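One structure is given below, encoded as structure tokens.
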Amino acid sequence: MKSAVIVFPGSNCDRDCAAAIERSTGAKAQFVWHAERELDPDLDLIVLPGGFSYGDYLRCGAVAALSPVMEAVKAAARRGAAVVGICNGFQVLCEARLLPGALLRNAGLKYVCKPVELEVANAQTRFTAGYAGRRTVQMTVGNGEGNFYADEDTLDRLEGEGQVVFRYKENPNGSARGIAGIVNARGNVLGLMPHPDRAFEAELGSSDGAILFQSVAKSA
Amino acid sequence: MSAAALASPPKTAAELAVEFGLKPEEYDLILRRLGREPNAVELGVFSVMWSEHCSYKSSRKQLRKFPTTGPRVIQGPGENAGVVDIGDGLACVFKMESHNHPSFIEPYQGAATGVGGIMRDVFTMGARPVALLNALRFGDPEHPKTRRLVAGVVAGIGGYGNCVGVPTVGGETEFHPGYNGNILVNAMCVGVAEADRIFYSAAPGPGLPVVYFGSKTGRDGIHGATMASAEFDDASEEKRPTVQVGDPFAEKLLIEATLELMATGAVAAIQDMGAAGLTSSSVEMAGKGGVGIELDLDAVPQREAGMSAYEMMLSESQERMLAILKPGREAEGQAIFEKWGLDASVIGRTTETGRIVLRHKGEVVCDLPLAPLSDDAPLYDRPWVAPQPRPRLGPADAPAPQDYAAAMSKLLGCPDGASKRWIWEQYDRHVMADTLADSATGADAALVRVHGTRKALALTSDVTPRYVQADPYEGGKQAVAEAWRNLTAVGAQPIAITDNLNFGNPERPEIMGQFVRAIDGMAEACRALDFPVVSGNVSLYNETAGVAIPPTPTVGAVGLLDDYAKRAGYAGLKGGDRLVLIGRTRGELGASLYLRELFGREDGAPPAVDLVAERRHGDLVRSLIAEGLAHAVHDLSDGGLAVAAAEMALASDVGLWLQPPQDLPAYAWLFGEDQARYLLAVAPAHEAEVLRRADRAGAPAAIVGDAGGRDLAVRGLFDLPLAELRQAHEGWLPRFMGEIA
């Protein structure tokens with residue numbers, strides 16, 4: 001599998017994502033600086049990591065969505081490459097309109113860092129095939145704006161089309177219908193607030209996140 | 001000081017010196033050293049360099065008592081942070097620092113910039129920050145300001161650390177009316193560097209370019225170091241303009257740019273701009289290197305037009321660095337600063353003159369010899385009086401509780417005993433993906449992996465101010481011993497400490513007495529436990545309207561676990577386990593949590609610390625963990641055996657029952673705070689071996705109970721469902737913060 005992790009100024013999970021990919025799949029990931037306008041044409045996986053891109057002093061992910069590299073990410077997504085946005089990366093994907101909806105301020109109005117149990121709502125995507133037969137998986141969240149929002153029609157469509165991929169067993173942030181992660185209609189762009197990149201080895205509390213990267217590697 | 005005085009300093013005068021916080025005799029000393037009157041800029045430079053905060057003039061003599069060397073020590077006190085060898089060619093760089101005064105005045109920014117400042121101290125030395133801890137002390141929960149201060153400080157710590165992307169893995173939070181007017185915010189940062197690539201601040205020679213990079217200089221934080229060296233009064237709120245404003249995004253860029261710059265080999269010396277900003281960084285770099293320095297202030301990146309030389313030199317704007325580059329390497333630096341979008345400028349050169357010369361708008365605005373600024377700073381041997389010893393309390397001097405079960409709920413649910421989940425759930429504890437144990441884990445110390453190795457760093461911060469108040473000497477010993485014990489209880493080998501000494505006004509002999517004796521006790525414990533001090537910070541004048549805080553010498557400690565598979569916490573209790581108590585219990589209730597929370601009493605001498613026993617018991621426990629003979633371990637501290645057992649049961653979600661002995665009243669056995677003790681969960685198959693090992697080591701050990709069921713019980717006294725205890729433990733803080741009824 002050939003993979004890249006995008007680094008925006010203020011990304012702070014870029015190294016974690018590269019470590020998670022490497023430890024989960026054995027494949028090394030390359031880092032791509034946000035100012036690049038082109039990506040390797042044969043990338044199988046592009047990860048938009050967590051953090052506070054550009055400080056997120058504006059709406060989270062809003063500035064990063066306009067950064068030079070995002071045109072190349074959009075082109076890769078059109079080509080069918082797997083794109084994963086984790087936490088801030090999910091926010092960037094929504095702001096870039098690669099995924100529907102938005103991430104609002106948490107219902108509790110505070111940053112929340114805790115382990116979460118997730119229901120795998122769709123184990124038939126290229127990101128989640130490895131979870132087949134698993135009812136719940138464990139990861140952690142760490143966010144202040146992780147409260148997924150979309151209008152009712154969009155939510156109905158997401159649910160109806162199997163685009164809801166992960167759902168919180170216990171909603172930590174007020175997300176609509178307990179949604180923790182969604183894919184686009186084509187199924188090659190995933191956004192999720194929980195961190196598979198912090199749950200790839202048992203000693204971190206869970207190794208369930210590794211399965212996500214392994215699933216992508218298998219589909220590559 | 002009025003805003004007008006800041007904006008346009010009047011001509012030099014002895015009155016102005018006093019306004020800047022200099023004593024009349026200190027001003028006279030300046031006149032003698034210079035042989036002339038200083039101008040306003042020069043006086044500003046003197047006043048911050050000679051402030052307590054920068055010069056340690058009241059504490060230096062005492063700090064010399066600490067042991068600061070050891071086989072693992074690469075750099076002791078005197079640099080931005082301490083450095084210890086952790087093997088594999090790696091070093092751990094760490095320090096703790098207070099941001100007490102600013103956090104009381106403006107809690108969010110005060111705490112946030114405290115975190116930012118301590119991180120800069122660590123990455124300035126070439127280390128990537130890998131963990132943060134913080135020790136917080138607030139006033140009485142009933143005090144009208146306390147809730148706002150808690151909310152602001154916690155949001156500030158989280159807002160900064162979460163954004164920069166360094167996990168906040170541990171710390172402590174306590175409440176006492178003694179902090180009503182002066183809260184304590186002590187932040188610790190731990191980093192990892194290559195042992196042969198540590199960066200220092202001393203300029204290596206003359207003729208080298210001095211490069212400023214990071215954020216622009218603004219008018220914020222002017223004279224912060226001076227503020228931090230004065231007592232508060234009723235007008236302290238007016239000092240808000242002296243609190244700096246933090247930008248964690250800028251800090252993140254600064255970390256990456258600094259580490260990238262260091263990797264090029266272009267850096268000859270480097271120093272962050274912390275307290276007293278450009279003044280202290282330039283004076284220290286040149287002074288330590290034995291050279292001179294010339295700066296062109298017109299070249300300093302400025303946030304606003306029309307800043308005076310005085311304002312630029314005294315500004316404490318955040319996220320700024322000063323580097324001395326090797327000759328001809330400026331372009332490499334420039335490329336990195338541009339990549340990260342940082343302001344940067346060559347603002348001067350090192351010289352051979354031994355003087356600091358500042359130019360602004362074509363004029364020399366400051367020309368001072370460096371030596372008097374740092375080396376000749378005043379050094380005070382302040383008079384002190386020995387604290388009055390308090391009587392020891394025997395078990396008979398303390399009452400039994402009316403209701404044991406209620407007493408348990410009270411101790412687990414009082415402000416100091418309650419869960420701090422409300423706080424630590426606001427901190428990113430997992431970023432960097434190396435956290436093995438954090439505040440949520442049920443372990444006496446946090447553990448973070450040394451990236452890419454089997455090793456882990458164990459981290460803790462400790463002090464029991466009510467002991468230090470009762471007996472500074474024993475309390476000082478206890479702070480060090482408890483930190484050592486907490487590292488041991490996770491299986492780590494303790495390596496070294498950083499200290500953050502928070503006290504009142506040292507010009508008062510009784511406060512100076514607390515300071516002197518606490519340091520004596522700490523130094524003795526450090527020597528006995530081979531636990532050197534490698535960095536530290538002193539915060540004095542923590543007083544409001546003449547009332548001092550409880551003496552609070554916070555100890556931040558680092559230990560090393562060679563194989564993190566061999567670690568312990570206290571959450572691993574399993575039904576059927578036998579509970580083994582290591583250490584002797586006499587039932588020490590003086591200055592205990594039990595007396596304070598149940599009877600409103602803060603009297604009595606604190607528990608004595610037997611350092612020989614500490615070492616013997618700790619070494620035993622560490623070996624039992626390493627060999628897999630004890631799978632859950634908890635040190636005994638506040639609230640004694642009963643609280644430790646309850647925490648173990650709650651963290652494991654497994655009940656347990658205890659069997660009190662015949663020779664001691666049950667309350668003294670349960671709640672006594674005797675030191676050098678650990679509670680171990682041992683599989684029945686290992687019981688005999690554990691007792692045999694303890695006997696051979698000369699450590700008292702006794703089976704005190706068994707694990708199982710859903711209750712916390714003491715035979716013949718009470719039986720308390722864990723669910724009820726959990727409610728008491730988890731409920732207090734969210735209720736206090738107004739989030740649940």
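Scheme for the structure tokens: letters A, B, ... for chains in order shown; per-chain residue numbers from 1; ligand numbers from 1 in order shown.
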**Residue list for chain A near chain B as a VMD selection string, 10 Å, only C-alpha atoms** = chain A and resid 9 to 17 19 to 20 33 35 50 to 57 108 110 to 115 140 to 144 195 197 to 205
**Item:** All residues 8 Å or closer to Gln138 in chain A, only C-alpha atoms, same chain fewer than 4 positions away omitted, as a PyMOL selection string
**Value:** chain A and resi 115-118+199+206+208-209
**Message:** Measuring between only C-alpha atoms, which one of A:Cys60, A:Ile182, A:Val7, A:Leu109 shows the shortest distance to Ile46 in chain A?
**Reply:**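 Ranking A:Cys60, A:Ile182, A:Val7, A:Leu109 by distance to Ile46 in chain A, first place goes to A:Val7.
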**Asked** Any idea what's packed within 6 Å of range 703-706 of chain B, counting only C-alpha atoms, ignoring anything in its chain fewer than 5 positions away? Could you give it as JSON, numbers by chain?
**Response** {"B": [577, 578, 579, 580, 656, 657, 658, 659]}
**Request:** Please give the complete set of residues from range 193-406 of chain B that DSSP, run on the backbone, assigns to alpha helix (DSSP H), formatted as number ranges by chain.
**Result:** B: 224-227, 248-264, 277-289, 309-314, 330-339, 370-374, 404-406
**Request:** May I have the residues within 7 Å of range 23-34 of chain B as a list in words, using only C-alpha atoms and disregarding those fewer than 5 positions away in the same chain?
**Result:**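 Counting only C-alpha atoms, the residues come to Ala14, Ala17 and Val18 of chain B.
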**Request:** Give me, please, the distance in Å between CA of Gly655 in chain B and CA of Leu722 in chain B, quoted to one decimal.
**Result:**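 Computed distance, CA of Gly655 in chain B to CA of Leu722 in chain B, equals 6.9 Å.
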